[in-house]
file structure.cif (mmCIF, C-alpha atoms)
data_start
#
loop_
_atom_site.label_atom_id
_atom_site.label_comp_id
_atom_site.auth_asym_id
_atom_site.auth_seq_id
_atom_site.Cartn_x
_atom_site.Cartn_y
_atom_site.Cartn_z
CA MET E 90 -19.81 -7.04 9.78
CA LYS E 91 -21.82 -4.12 11.12
CA ILE E 92 -21.37 -0.71 9.47
CA SER E 93 -22.60 2.23 11.53
CA TYR E 94 -22.75 5.88 10.56
CA TRP E 95 -21.56 8.35 13.18
CA GLY E 96 -20.95 11.21 10.77
CA THR E 97 -22.11 11.61 7.18
CA ARG E 98 -21.71 15.34 6.51
CA GLY E 99 -18.89 16.75 4.42
CA SER E 100 -16.64 19.76 4.86
CA ILE E 101 -17.96 21.17 8.11
CA ALA E 102 -20.36 20.03 10.81
CA THR E 103 -23.86 21.50 10.71
CA ILE E 104 -26.14 22.09 13.66
CA THR E 105 -29.30 23.30 12.02
CA HIS E 106 -32.74 21.77 12.40
CA GLN E 107 -32.80 21.43 8.64
CA THR E 108 -29.96 18.88 8.61
CA GLN E 109 -30.84 16.81 11.65
CA PHE E 110 -32.38 13.84 9.86
CA TYR E 111 -29.33 12.88 7.78
CA GLY E 112 -27.02 14.26 10.43
CA GLY E 113 -24.61 17.11 10.86
CA HIS E 114 -21.42 15.39 12.03
CA THR E 115 -18.46 15.10 9.70
CA PRO E 116 -17.28 11.70 8.46
CA CYS E 117 -16.96 8.78 10.83
CA VAL E 118 -18.05 5.23 10.03
CA ALA E 119 -17.63 2.33 12.42
CA VAL E 120 -17.11 -1.16 11.02
CA GLY E 121 -17.30 -3.80 13.69
CA GLN E 122 -17.05 -7.53 13.87
CA GLY E 123 -16.49 -9.47 17.06
CA ASN E 124 -13.83 -7.72 19.08
CA ASP E 125 -12.47 -5.77 16.11
CA LEU E 126 -13.54 -2.22 15.42
CA LEU E 127 -12.41 -0.16 12.45
CA ILE E 128 -13.23 3.54 12.63
CA LEU E 129 -13.15 5.02 9.17
CA ASP E 130 -12.18 8.68 9.57
CA ALA E 131 -12.29 10.84 12.66
CA GLY E 132 -14.66 13.65 11.83
CA SER E 133 -16.82 15.12 14.57
CA GLY E 134 -18.93 11.96 14.53
CA ILE E 135 -16.19 10.09 16.35
CA ILE E 136 -16.91 12.02 19.54
CA GLN E 137 -20.21 10.24 20.27
CA LEU E 138 -18.69 6.94 19.23
CA GLY E 139 -15.85 7.48 21.68
CA ASP E 140 -18.29 8.04 24.51
CA LEU E 141 -19.99 4.75 23.69
CA LEU E 142 -16.71 2.86 23.51
CA LEU E 143 -15.86 3.78 27.08
CA THR E 144 -18.56 1.34 28.16
CA ARG E 145 -17.60 -1.47 25.78
CA ARG E 146 -14.03 -2.39 26.44
CA PRO E 147 -11.92 -4.25 25.57
CA LEU E 148 -11.93 -3.76 21.80
CA ASN E 149 -9.27 -3.93 19.16
CA ILE E 150 -9.74 -0.36 17.92
CA HIS E 151 -8.10 0.95 14.75
CA ILE E 152 -8.81 4.38 13.27
CA LEU E 153 -8.25 4.42 9.51
CA LEU E 154 -7.92 7.92 8.11
CA THR E 155 -8.50 8.53 4.42
CA HIS E 156 -6.71 11.88 4.50
CA LEU E 157 -5.97 14.74 6.82
CA HIS E 158 -8.44 17.40 5.75
CA MET E 159 -9.93 18.94 8.83
CA ASP E 160 -13.40 17.43 8.47
CA HIS E 161 -11.83 13.95 8.67
CA ILE E 162 -9.63 14.49 11.74
CA GLN E 163 -11.34 17.20 13.75
CA GLY E 164 -12.87 14.72 16.19
CA LEU E 165 -9.54 13.18 17.23
CA GLY E 166 -8.90 15.61 20.05
CA PHE E 167 -12.30 14.85 21.58
CA PHE E 168 -12.15 11.05 21.33
CA LYS E 169 -12.30 10.04 24.97
CA PRO E 170 -10.61 6.62 24.62
CA PHE E 171 -7.38 8.52 23.90
CA PHE E 172 -7.49 9.70 27.49
CA GLN E 173 -7.99 6.26 29.03
CA PRO E 174 -4.83 4.81 30.59
CA GLY E 175 -4.36 1.15 29.79
CA LEU E 176 -6.01 1.31 26.38
CA THR E 177 -4.01 0.66 23.23
CA LEU E 178 -5.32 2.46 20.14
CA HIS E 179 -4.08 2.57 16.59
CA ILE E 180 -4.25 5.25 13.90
CA TRP E 181 -3.55 4.53 10.24
CA GLY E 182 -3.31 7.21 7.59
CA PRO E 183 -1.81 8.10 4.23
CA GLN E 184 1.89 8.44 3.62
CA GLY E 185 3.01 11.96 2.91
CA ASN E 186 6.15 14.00 2.70
CA SER E 187 6.59 13.88 6.46
CA PRO E 188 5.71 11.23 9.06
CA LEU E 189 2.00 10.83 9.78
CA LYS E 190 2.43 11.67 13.45
CA GLN E 191 4.14 14.93 12.55
CA ARG E 192 1.31 15.87 10.18
CA LEU E 193 -1.34 15.02 12.79
CA ASN E 194 0.56 17.10 15.31
CA ARG E 195 0.00 20.18 13.17
CA TYR E 196 -3.63 20.05 14.26
CA LEU E 197 -3.19 18.41 17.65
CA SER E 198 -0.92 21.08 19.10
CA PRO E 199 -1.13 24.78 19.97
CA PRO E 200 -2.23 27.16 18.62
CA LEU E 201 -4.89 25.03 16.88
CA PHE E 202 -5.51 22.68 19.80
CA PRO E 203 -4.46 22.80 23.45
CA VAL E 204 -3.60 19.10 23.84
CA ARG E 205 -0.73 17.34 22.09
CA ILE E 206 -0.68 13.72 21.01
CA ARG E 207 2.04 13.09 23.56
CA ASP E 208 -0.43 14.15 26.24
CA PHE E 209 -2.82 11.31 25.41
CA ASP E 210 -3.10 8.80 28.25
CA CYS E 211 -3.64 5.70 26.14
CA LYS E 212 -0.91 3.83 24.34
CA LEU E 213 -1.20 5.15 20.80
CA GLU E 214 0.38 3.46 17.80
CA ILE E 215 0.49 5.41 14.55
CA PHE E 216 1.07 3.69 11.21
CA GLU E 217 1.31 4.88 7.64
CA THR E 218 -1.18 2.72 5.78
CA PRO E 219 0.57 0.24 3.49
CA LEU E 220 -0.58 0.01 -0.10
CA GLU E 221 -0.32 -3.77 0.01
CA ALA E 222 -3.21 -5.74 1.47
CA PHE E 223 -2.97 -6.14 5.22
CA GLU E 224 -5.02 -7.55 8.07
CA ILE E 225 -6.50 -6.08 11.21
CA GLY E 226 -8.08 -8.81 13.31
CA THR E 227 -10.66 -10.54 11.17
CA PHE E 228 -10.62 -7.84 8.48
CA GLN E 229 -8.54 -7.78 5.32
CA ILE E 230 -7.87 -4.27 4.12
CA GLN E 231 -6.66 -2.82 0.85
CA ALA E 232 -5.90 0.89 0.56
CA ARG E 233 -5.11 2.86 -2.58
CA HIS E 234 -4.66 6.48 -3.44
CA ILE E 235 -7.68 8.09 -5.04
CA CYS E 236 -8.39 11.37 -6.76
CA HIS E 237 -8.74 14.12 -4.15
CA PRO E 238 -6.43 17.04 -3.34
CA GLY E 239 -3.47 15.89 -1.23
CA PRO E 240 -2.56 12.28 -0.46
CA THR E 241 -5.94 10.57 -0.01
CA LEU E 242 -6.77 6.92 0.44
CA GLY E 243 -9.82 4.87 -0.27
CA TYR E 244 -10.31 1.64 1.65
CA ARG E 245 -11.65 -1.78 0.69
CA VAL E 246 -12.52 -3.86 3.72
CA THR E 247 -13.60 -7.48 3.69
CA ASN E 248 -14.30 -10.08 6.33
CA GLY E 249 -13.94 -12.87 3.81
CA THR E 250 -17.66 -12.98 3.11
CA SER E 251 -18.74 -9.38 2.54
CA THR E 252 -16.87 -6.39 1.21
CA LEU E 253 -17.18 -2.68 1.83
CA ALA E 254 -15.51 0.14 -0.09
CA TYR E 255 -15.14 3.52 1.55
CA LEU E 256 -14.33 6.48 -0.72
CA PRO E 257 -15.81 9.46 1.11
CA ASP E 258 -13.87 12.17 -0.72
CA HIS E 259 -13.40 11.25 -4.35
CA GLU E 260 -13.54 13.01 -7.69
CA PRO E 261 -13.00 10.28 -10.28
CA ALA E 262 -14.45 12.45 -13.04
CA LEU E 263 -11.75 15.09 -12.71
CA GLY E 264 -10.14 15.71 -16.07
CA ALA E 265 -11.85 12.74 -17.70
CA ARG E 266 -13.03 13.58 -21.21
CA ALA E 267 -15.87 11.10 -20.75
CA PHE E 268 -16.98 9.70 -17.44
CA PRO E 269 -17.06 6.93 -16.65
CA GLY E 270 -14.34 5.68 -18.96
CA ASP E 271 -12.21 2.58 -19.02
CA PRO E 272 -12.15 0.99 -15.54
CA GLU E 273 -8.38 0.70 -15.78
CA TRP E 274 -8.19 4.48 -16.03
CA THR E 275 -10.78 5.29 -13.37
CA SER E 276 -9.62 6.33 -9.91
CA GLY E 277 -10.91 4.04 -7.19
CA TYR E 278 -12.21 1.31 -9.48
CA SER E 279 -10.04 -1.43 -7.98
CA LEU E 280 -11.33 -0.64 -4.51
CA ALA E 281 -14.99 -0.50 -5.44
CA ARG E 282 -15.20 -3.35 -7.93
CA GLU E 283 -18.19 -5.58 -7.16
CA VAL E 284 -18.38 -4.67 -3.48
CA ASP E 285 -21.48 -5.34 -1.39
CA VAL E 286 -21.55 -1.77 -0.12
CA LEU E 287 -19.90 1.31 -1.60
CA ILE E 288 -19.86 4.42 0.57
CA HIS E 289 -19.06 7.21 -1.86
CA ASP E 290 -18.78 10.95 -2.05
CA ALA E 291 -21.94 12.60 -3.40
CA GLN E 292 -21.50 16.14 -2.18
CA PHE E 293 -22.75 18.11 -5.14
CA THR E 294 -25.56 18.46 -7.58
CA GLU E 295 -24.47 18.45 -11.21
CA GLU E 296 -24.87 22.22 -11.32
CA GLU E 297 -22.74 22.67 -8.20
CA TYR E 298 -20.08 20.34 -9.55
CA ARG E 299 -19.64 22.41 -12.69
CA GLU E 300 -18.68 25.37 -10.50
CA ARG E 301 -16.44 23.33 -8.17
CA GLN E 302 -14.42 21.05 -10.40
CA GLY E 303 -11.12 20.16 -8.79
CA TRP E 304 -12.39 20.56 -5.25
CA GLY E 305 -12.14 16.80 -4.88
CA HIS E 306 -15.79 15.80 -4.71
CA SER E 307 -18.43 14.15 -6.86
CA SER E 308 -21.96 14.87 -7.89
CA TYR E 309 -24.77 12.41 -7.23
CA GLU E 310 -24.80 11.52 -10.87
CA GLN E 311 -21.06 10.82 -10.93
CA ALA E 312 -21.29 8.67 -7.81
CA ILE E 313 -24.03 6.62 -9.47
CA LYS E 314 -22.06 6.28 -12.70
CA PHE E 315 -19.01 5.19 -10.74
CA ALA E 316 -21.07 2.62 -8.80
CA ARG E 317 -22.52 1.30 -12.04
CA LEU E 318 -19.05 0.97 -13.57
CA ALA E 319 -17.83 -0.88 -10.48
CA GLN E 320 -20.93 -3.12 -10.47
CA VAL E 321 -21.57 -2.64 -6.79
CA LYS E 322 -24.55 -4.17 -5.03
CA ARG E 323 -25.42 -1.16 -2.89
CA LEU E 324 -24.42 2.49 -3.07
CA GLU E 325 -24.48 4.76 -0.04
CA LEU E 326 -24.41 8.44 -0.99
CA PHE E 327 -22.16 10.10 1.56
CA HIS E 328 -20.34 13.32 2.49
CA HIS E 329 -23.47 15.44 2.17
CA ASP E 330 -22.86 19.09 1.44
CA PRO E 331 -23.30 21.16 4.62
CA LYS E 332 -25.60 23.51 2.72
CA HIS E 333 -27.97 20.74 1.66
CA THR E 334 -30.97 20.45 3.95
CA ASP E 335 -32.77 17.19 4.64
CA GLU E 336 -35.54 18.41 2.38
CA GLN E 337 -33.10 19.08 -0.44
CA LEU E 338 -31.41 15.71 0.04
CA ASP E 339 -34.79 13.98 -0.16
CA ALA E 340 -35.64 15.88 -3.32
CA LEU E 341 -32.30 14.99 -4.91
CA PHE E 342 -32.75 11.37 -3.93
CA ALA E 343 -36.26 11.31 -5.35
CA SER E 344 -34.92 12.48 -8.70
CA ILE E 345 -32.58 9.49 -9.06
CA GLU E 346 -33.70 7.01 -11.66
CA PRO E 347 -33.83 3.32 -10.78
CA GLN E 348 -30.45 1.60 -11.00
CA PRO E 349 -29.41 -2.06 -11.11
CA PHE E 350 -28.27 -1.72 -7.47
CA GLU E 351 -29.68 -0.35 -4.24
CA ILE E 352 -29.09 3.32 -3.50
CA HIS E 353 -29.41 4.97 -0.10
CA LEU E 354 -28.60 8.30 1.44
CA ALA E 355 -26.18 7.66 4.28
CA ARG E 356 -27.82 8.78 7.51
CA GLU E 357 -26.15 9.38 10.84
CA GLY E 358 -27.32 6.75 13.33
CA ASN E 359 -28.15 4.15 10.69
CA SER E 360 -26.45 0.78 10.45
CA ILE E 361 -25.98 -1.86 7.78
CA GLU E 362 -25.50 -5.51 8.68
CA LEU E 363 -23.51 -7.70 6.31
CA PRO E 364 -22.80 -11.42 6.74
CA MET N 229 -8.89 -5.62 -13.90
CA ASN N 230 -7.11 -3.20 -11.59
CA SER N 231 -7.00 0.51 -12.15
CA HIS N 232 -3.70 2.32 -12.54
CA GLU N 233 -2.19 4.22 -9.65
CA ILE N 234 -3.71 7.68 -9.21
CA GLU N 235 -0.47 9.39 -10.27
CA ILE N 236 -0.63 7.55 -13.59
CA ILE N 237 -4.33 8.29 -14.08
CA LEU N 238 -3.79 12.00 -13.41
CA SER N 239 -0.76 12.00 -15.73
CA ARG N 240 -2.94 10.69 -18.52
CA GLN N 241 -5.63 13.25 -17.85
CA TRP N 242 -3.01 16.00 -17.92
CA ALA N 243 -1.56 14.61 -21.16
CA ASP N 244 -5.04 14.41 -22.66
CA TYR N 245 -5.31 18.19 -22.56
CA LEU N 246 -1.85 19.01 -23.91
CA SER N 247 -1.19 19.84 -27.54
CA ILE N 248 2.34 18.42 -27.45
CA PRO N 249 3.08 14.71 -27.81
CA VAL N 250 3.23 12.89 -24.49
CA PHE N 251 4.04 9.23 -23.92
CA ILE N 252 3.52 7.48 -20.58
CA THR N 253 5.21 4.20 -19.72
CA ASP N 254 5.16 1.80 -16.82
CA PRO N 255 8.39 1.14 -14.89
CA LYS N 256 9.46 -1.46 -17.46
CA GLY N 257 8.97 0.91 -20.38
CA ASN N 258 5.76 -0.57 -21.70
CA LEU N 259 3.77 2.21 -23.36
CA ILE N 260 0.56 2.52 -21.39
CA PHE N 261 -0.74 5.78 -22.92
CA TYR N 262 -0.01 8.35 -25.61
CA ASN N 263 -2.08 11.41 -26.41
CA GLU N 264 -3.48 12.68 -29.70
CA PRO N 265 -0.42 14.73 -30.72
CA ALA N 266 1.68 11.63 -30.05
CA GLU N 267 -0.62 9.66 -32.32
CA GLU N 268 0.45 11.91 -35.19
CA ILE N 269 4.08 10.99 -34.60
CA LEU N 270 3.41 7.31 -34.11
CA GLY N 271 0.97 7.13 -37.01
CA ARG N 272 -1.28 5.06 -34.79
CA ARG N 273 -4.23 5.79 -32.54
CA PHE N 274 -4.18 4.77 -28.90
CA GLU N 275 -7.78 3.64 -29.23
CA ASP N 276 -6.62 1.17 -31.90
CA THR N 277 -3.39 -0.06 -30.39
CA GLY N 278 -4.01 0.15 -26.68
CA PRO N 279 -0.91 -0.31 -24.54
CA MET N 280 2.19 -1.56 -26.34
CA PRO N 281 5.01 -3.64 -24.88
CA VAL N 282 8.40 -1.99 -24.83
CA SER N 283 9.68 -4.48 -27.38
CA GLU N 284 7.09 -3.29 -29.88
CA TRP N 285 6.99 0.44 -29.51
CA SER N 286 10.70 1.00 -28.96
CA THR N 287 11.43 -0.18 -32.50
CA ILE N 288 8.89 2.06 -34.19
CA PHE N 289 10.85 5.27 -34.36
CA ASN N 290 14.27 4.26 -35.72
CA PRO N 291 16.02 7.20 -34.07
CA GLU N 292 18.94 8.62 -36.06
CA ASP N 293 21.50 11.36 -35.67
CA GLU N 294 21.91 14.19 -38.17
CA HIS N 295 24.02 11.95 -40.40
CA GLY N 296 21.43 9.20 -40.50
CA ALA N 297 23.34 6.88 -38.18
CA ALA N 298 21.19 4.83 -35.82
CA ILE N 299 21.24 5.96 -32.20
CA PRO N 300 21.74 3.12 -29.69
CA PRO N 301 18.71 2.63 -27.43
CA ASP N 302 20.75 3.31 -24.31
CA ASP N 303 21.44 6.86 -25.56
CA LEU N 304 17.75 7.73 -25.83
CA PRO N 305 16.35 9.98 -23.07
CA LEU N 306 13.45 7.74 -22.11
CA VAL N 307 15.66 4.67 -21.92
CA LYS N 308 18.03 6.63 -19.69
CA THR N 309 15.15 7.67 -17.45
CA LEU N 310 13.85 4.12 -17.21
CA GLY N 311 17.32 2.92 -16.25
CA THR N 312 18.27 5.65 -13.83
CA GLN N 313 14.92 7.09 -12.67
CA GLN N 314 16.38 10.49 -13.46
CA PRO N 315 15.26 13.11 -15.97
CA ALA N 316 16.98 13.15 -19.35
CA THR N 317 16.87 15.07 -22.61
CA GLY N 318 18.18 14.65 -26.13
CA SER N 319 17.56 15.57 -29.78
CA PHE N 320 17.44 13.26 -32.79
CA TRP N 321 15.60 12.36 -35.96
CA ILE N 322 12.87 9.72 -36.13
CA HIS N 323 10.76 8.05 -38.82
CA SER N 324 7.09 7.71 -38.06
CA LEU N 325 5.12 4.65 -39.12
CA GLU N 326 4.02 6.72 -42.10
CA ASP N 327 7.70 7.17 -42.94
CA GLU N 328 7.74 10.88 -42.22
CA ARG N 329 11.01 12.20 -40.84
CA HIS N 330 10.77 14.44 -37.76
CA PHE N 331 13.46 16.24 -35.81
CA LEU N 332 12.64 16.03 -32.13
CA THR N 333 13.88 17.00 -28.75
CA VAL N 334 12.71 14.55 -26.12
CA THR N 335 12.40 15.37 -22.44
CA SER N 336 11.75 12.47 -20.13
CA PHE N 337 11.28 12.25 -16.41
CA PRO N 338 10.27 9.61 -13.88
CA ILE N 339 6.85 9.50 -12.24
CA VAL N 340 7.60 9.18 -8.55
CA GLY N 341 4.53 8.97 -6.35
CA VAL N 342 4.00 8.51 -2.67
CA SER N 343 4.31 4.78 -3.22
CA GLY N 344 7.54 5.10 -5.20
CA TYR N 345 8.60 4.84 -8.82
CA LEU N 346 5.63 4.22 -11.09
CA GLY N 347 6.87 4.83 -14.63
CA ALA N 348 8.03 7.62 -16.88
CA ILE N 349 6.78 10.37 -19.12
CA ALA N 350 8.40 11.41 -22.38
CA ILE N 351 7.47 14.66 -24.06
CA PHE N 352 8.43 15.02 -27.71
CA TRP N 353 9.11 18.56 -28.87
CA LYS N 354 9.08 19.03 -32.62
CA ASN N 355 12.00 21.25 -33.59
CA ASP N 356 13.40 23.01 -36.57
CA PRO N 357 16.81 21.29 -36.98
CA ASP N 358 18.35 24.51 -38.21
CA GLU N 359 17.73 26.05 -34.81
CA ASN N 360 19.88 23.45 -33.06
#
call {"tool": "encode", "arguments": {"input": "structure.cif", "output": "structure tokens"}}
result
Amino acid sequence: MKISYWGTRGSIATITHQTQFYGGHTPCVAVGQGNDLLILDAGSGIIQLGDLLLTRRPLNIHILLTHLHMDHIQGLGFFKPFFQPGLTLHIWGPQGNSPLKQRLNRYLSPPLFPVRIRDFDCKLEIFETPLEAFEIGTFQIQARHICHPGPTLGYRVTNGTSTLAYLPDHEPALGARAFPGDPEWTSGYSLAREVDVLIHDAQFTEEEYRERQGWGHSSYEQAIKFARLAQVKRLELFHHDPKHTDEQLDALFASIEPQPFEIHLAREGNSIELP
Amino acid sequence: MNSHEIEIILSRQWADYLSIPVFITDPKGNLIFYNEPAEEILGRRFEDTGPMPVSEWSTIFNPEDEHGAAIPPDDLPLVKTLGTQQPATGSFWIHSLEDERHFLTVTSFPIVGVSGYLGAIAIFWKNDPDEN
């Protein structure tokens, strides 16, 4: 299983020199194995990935959306494989009060966007992600709702040997009198429990979090506490705040005390290989 | 151990901040959480009891009408909600574990999330019986 970062930034893409090292594209993570490719979220990072995929067909491509906030879907309209006749692509996303296609159409239609989903040239299949475990190719996938405004999923993906949990927008500390508390009462715990790699929201500093409770994101410290509770092997701090420069991210990272697991700052362009 | 569904977790966090008694059950009626004001009525602490099966906690209150006659379980709001997945309300007397008699109005409603029916919430309102 190869995990590749195509977008690690939260909220809105950044194009400054000060954010180039960790990357300015909004969330998009590719998880590939053999002919199967899972694309976790369709932030602006998916655009470059789409360009690459045009040269690597055929692939069994499935886009798994955690939720429909703009930073997680804004790349969809620029994903070139959608405009390739003969390709079959799949989008999965959270259930809501209306069909997923209808909710995606709110963005992918005028006046917000000139092209409609029905104008795509590929064969597109859209599914509401089941909450029971399911399989895509060689991957087994479990999705569950997690704490973030609006219906939001986290994903647990395994190839039978290694396991990844992807919770890019997650505020498990919201409303908790003490965090972390009992695992049974902690959002996302089931998804992250003992995974090899946890990609988790770490948008804020502690000080920023105090001013932005309820916005749906975590501080570094909360992400680390959550990872410790879940006994993960490796934590990837993700969904970097667009205001945080590379220098600030490095300084925040340097302030983290040693933990009983690896910690990394997710960086656009980096990859992780798992057996 | 699996975590509860997010709707249940958020219900608990909401209940944690309320100063009125709130009980949360799973779809079968097993008591999975009650808050501090509910502890006063039950005479037990959630930290001590943890979750309680429906067979255990449903017998604690001994609900009675104004004449002291026992109220059948099927007439209790929460039992109605668990059976019908519809909101319900009702007033009656109960005895706490500490044998204190309380007059209550109970409002119960189902927790219906994106994934369907997940359980129920019962809110106990302490009343002055002379006002009813």
call {"tool": "resolve_selection", "arguments": {"input": "structure.cif", "expression": "the PyMOL selection byres ((chain N and resi 260) around 12)", "output": "PyMOL selection string"}}
result
(chain E and resi 273-274) or (chain N and resi 232+236-237+239-240+250-259+261-263+274-275+277-282+285+346-350)
call {"tool": "resolve_selection", "arguments": {"input": "structure.cif", "expression": "the PyMOL selection byres ((chain E) within 12 of (chain N))", "output": "PDB file with C-alpha atoms, keeping the file's coordinate frame"}}
result
ATOM      1  CA  PRO E 183      -1.810   8.100   4.230  1.00  0.00           C
ATOM      2  CA  GLN E 184       1.890   8.440   3.620  1.00  0.00           C
ATOM      3  CA  GLY E 185       3.010  11.960   2.910  1.00  0.00           C
ATOM      4  CA  ASN E 186       6.150  14.000   2.700  1.00  0.00           C
ATOM      5  CA  SER E 187       6.590  13.880   6.460  1.00  0.00           C
ATOM      6  CA  GLU E 217       1.310   4.880   7.640  1.00  0.00           C
ATOM      7  CA  THR E 218      -1.180   2.720   5.780  1.00  0.00           C
ATOM      8  CA  PRO E 219       0.570   0.240   3.490  1.00  0.00           C
ATOM      9  CA  LEU E 220      -0.580   0.010  -0.100  1.00  0.00           C
ATOM     10  CA  GLU E 221      -0.320  -3.770   0.010  1.00  0.00           C
ATOM     11  CA  ALA E 232      -5.900   0.890   0.560  1.00  0.00           C
ATOM     12  CA  ARG E 233      -5.110   2.860  -2.580  1.00  0.00           C
ATOM     13  CA  HIS E 234      -4.660   6.480  -3.440  1.00  0.00           C
ATOM     14  CA  ILE E 235      -7.680   8.090  -5.040  1.00  0.00           C
ATOM     15  CA  CYS E 236      -8.390  11.370  -6.760  1.00  0.00           C
ATOM     16  CA  HIS E 237      -8.740  14.120  -4.150  1.00  0.00           C
ATOM     17  CA  PRO E 238      -6.430  17.040  -3.340  1.00  0.00           C
ATOM     18  CA  GLY E 239      -3.470  15.890  -1.230  1.00  0.00           C
ATOM     19  CA  PRO E 240      -2.560  12.280  -0.460  1.00  0.00           C
ATOM     20  CA  THR E 241      -5.940  10.570  -0.010  1.00  0.00           C
ATOM     21  CA  LEU E 242      -6.770   6.920   0.440  1.00  0.00           C
ATOM     22  CA  GLY E 243      -9.820   4.870  -0.270  1.00  0.00           C
ATOM     23  CA  HIS E 259     -13.400  11.250  -4.350  1.00  0.00           C
ATOM     24  CA  GLU E 260     -13.540  13.010  -7.690  1.00  0.00           C
ATOM     25  CA  PRO E 261     -13.000  10.280 -10.280  1.00  0.00           C
ATOM     26  CA  ALA E 262     -14.450  12.450 -13.040  1.00  0.00           C
ATOM     27  CA  LEU E 263     -11.750  15.090 -12.710  1.00  0.00           C
ATOM     28  CA  GLY E 264     -10.140  15.710 -16.070  1.00  0.00           C
ATOM     29  CA  ALA E 265     -11.850  12.740 -17.700  1.00  0.00           C
ATOM     30  CA  ARG E 266     -13.030  13.580 -21.210  1.00  0.00           C
ATOM     31  CA  ALA E 267     -15.870  11.100 -20.750  1.00  0.00           C
ATOM     32  CA  PHE E 268     -16.980   9.700 -17.440  1.00  0.00           C
ATOM     33  CA  GLY E 270     -14.340   5.680 -18.960  1.00  0.00           C
ATOM     34  CA  ASP E 271     -12.210   2.580 -19.020  1.00  0.00           C
ATOM     35  CA  PRO E 272     -12.150   0.990 -15.540  1.00  0.00           C
ATOM     36  CA  GLU E 273      -8.380   0.700 -15.780  1.00  0.00           C
ATOM     37  CA  TRP E 274      -8.190   4.480 -16.030  1.00  0.00           C
ATOM     38  CA  THR E 275     -10.780   5.290 -13.370  1.00  0.00           C
ATOM     39  CA  SER E 276      -9.620   6.330  -9.910  1.00  0.00           C
ATOM     40  CA  GLY E 277     -10.910   4.040  -7.190  1.00  0.00           C
ATOM     41  CA  TYR E 278     -12.210   1.310  -9.480  1.00  0.00           C
ATOM     42  CA  SER E 279     -10.040  -1.430  -7.980  1.00  0.00           C
ATOM     43  CA  LEU E 280     -11.330  -0.640  -4.510  1.00  0.00           C
ATOM     44  CA  ALA E 281     -14.990  -0.500  -5.440  1.00  0.00           C
ATOM     45  CA  ARG E 282     -15.200  -3.350  -7.930  1.00  0.00           C
ATOM     46  CA  GLU E 283     -18.190  -5.580  -7.160  1.00  0.00           C
ATOM     47  CA  GLY E 303     -11.120  20.160  -8.790  1.00  0.00           C
ATOM     48  CA  ALA E 319     -17.830  -0.880 -10.480  1.00  0.00           C
TER      49      ALA E 319
END
call {"tool": "residues_around", "arguments": {"input": "structure.cif", "residues": "Asp335 of chain E", "least_positions_apart": "3", "cutoff": "12 Å", "atoms": "all atoms listed in the file", "output": "list in words"}}
result
Arg98, Thr103, Thr105, His106, Gln107, Thr108, Gln109, Phe110, Tyr111, Gly112, Gly113, His329, Asp330, Pro331, Lys332, Leu338, Asp339, Ala340, Leu341, Phe342, Leu354, Ala355, Arg356 and Glu357 of chain E
call {"tool": "residues_around", "arguments": {"input": "structure.cif", "residues": "segment 313-318 of chain N", "least_positions_apart": "6", "cutoff": "9 Å", "atoms": "all atoms listed in the file", "output": "PyMOL selection string"}}
result
chain N and resi 303-307+332-340+345+347-348
call {"tool": "write_last_selection", "arguments": {"input": "structure.cif", "atoms": "C-alpha atoms", "output": "compact mmCIF listing (two decimals), keeping the file's coordinate frame"}}
result
# COMPACT_ATOMS: atom_id res chain seq x y z
CA ASP N 303 21.44 6.86 -25.56
CA LEU N 304 17.75 7.73 -25.83
CA PRO N 305 16.35 9.98 -23.07
CA LEU N 306 13.45 7.74 -22.11
CA VAL N 307 15.66 4.67 -21.92
CA LEU N 332 12.64 16.03 -32.13
CA THR N 333 13.88 17.00 -28.75
CA VAL N 334 12.71 14.55 -26.12
CA THR N 335 12.40 15.37 -22.44
CA SER N 336 11.75 12.47 -20.13
CA PHE N 337 11.28 12.25 -16.41
CA PRO N 338 10.27 9.61 -13.88
CA ILE N 339 6.85 9.50 -12.24
CA VAL N 340 7.60 9.18 -8.55
CA TYR N 345 8.60 4.84 -8.82
CA GLY N 347 6.87 4.83 -14.63
CA ALA N 348 8.03 7.62 -16.88
call {"tool": "closest_residue", "arguments": {"input": "structure.cif", "among": "N:Trp321, N:Ala243, N:Phe352, N:Glu267", "to": "Glu294 of chain N", "atoms": "only C-alpha atoms"}}
result
N:Trp321
call {"tool": "residues_around", "arguments": {"input": "structure.cif", "residues": "Leu178 of chain E", "least_positions_apart": "2", "cutoff": "9 Å", "atoms": "all atoms listed in the file", "output": "VMD selection string"}}
result
chain E and resid 149 to 152 170 to 171 176 180 211 to 215
call {"tool": "closest_residue", "arguments": {"input": "structure.cif", "among": "E:Arg299, E:Arg145, E:His353, E:Lys169", "to": "Lys322 of chain E", "atoms": "all atoms listed in the file"}}
result
E:His353
call {"tool": "closest_residue", "arguments": {"input": "structure.cif", "among": "E:Asp140, E:Pro349, E:Val118, E:Ser100", "to": "Trp304 of chain E", "atoms": "only C-alpha atoms"}}
result
E:Ser100
call {"tool": "residues_around", "arguments": {"input": "structure.cif", "residues": "Ala298 of chain N", "least_positions_apart": "3", "cutoff": "12 Å", "atoms": "all atoms listed in the file", "output": "NGL selection string"}}
result
:N and (287 or 289-295 or 301-304 or 320-323)
call {"tool": "atom_distance", "arguments": {"input": "structure.cif", "atom1": "atom CA of Arg207 of chain E", "atom2": "atom CA of Gly166 of chain E"}}
result
11.8 Å
call {"tool": "atom_distance", "arguments": {"input": "structure.cif", "atom1": "atom CA of Leu270 of chain N", "atom2": "atom CA of Ser247 of chain N"}}
result
14.9 Å
call {"tool": "closest_residue", "arguments": {"input": "structure.cif", "among": "E:Gln231, E:Thr144, E:Gln137, E:Asn124", "to": "Tyr255 of chain E", "atoms": "all atoms listed in the file"}}
result
E:Gln231
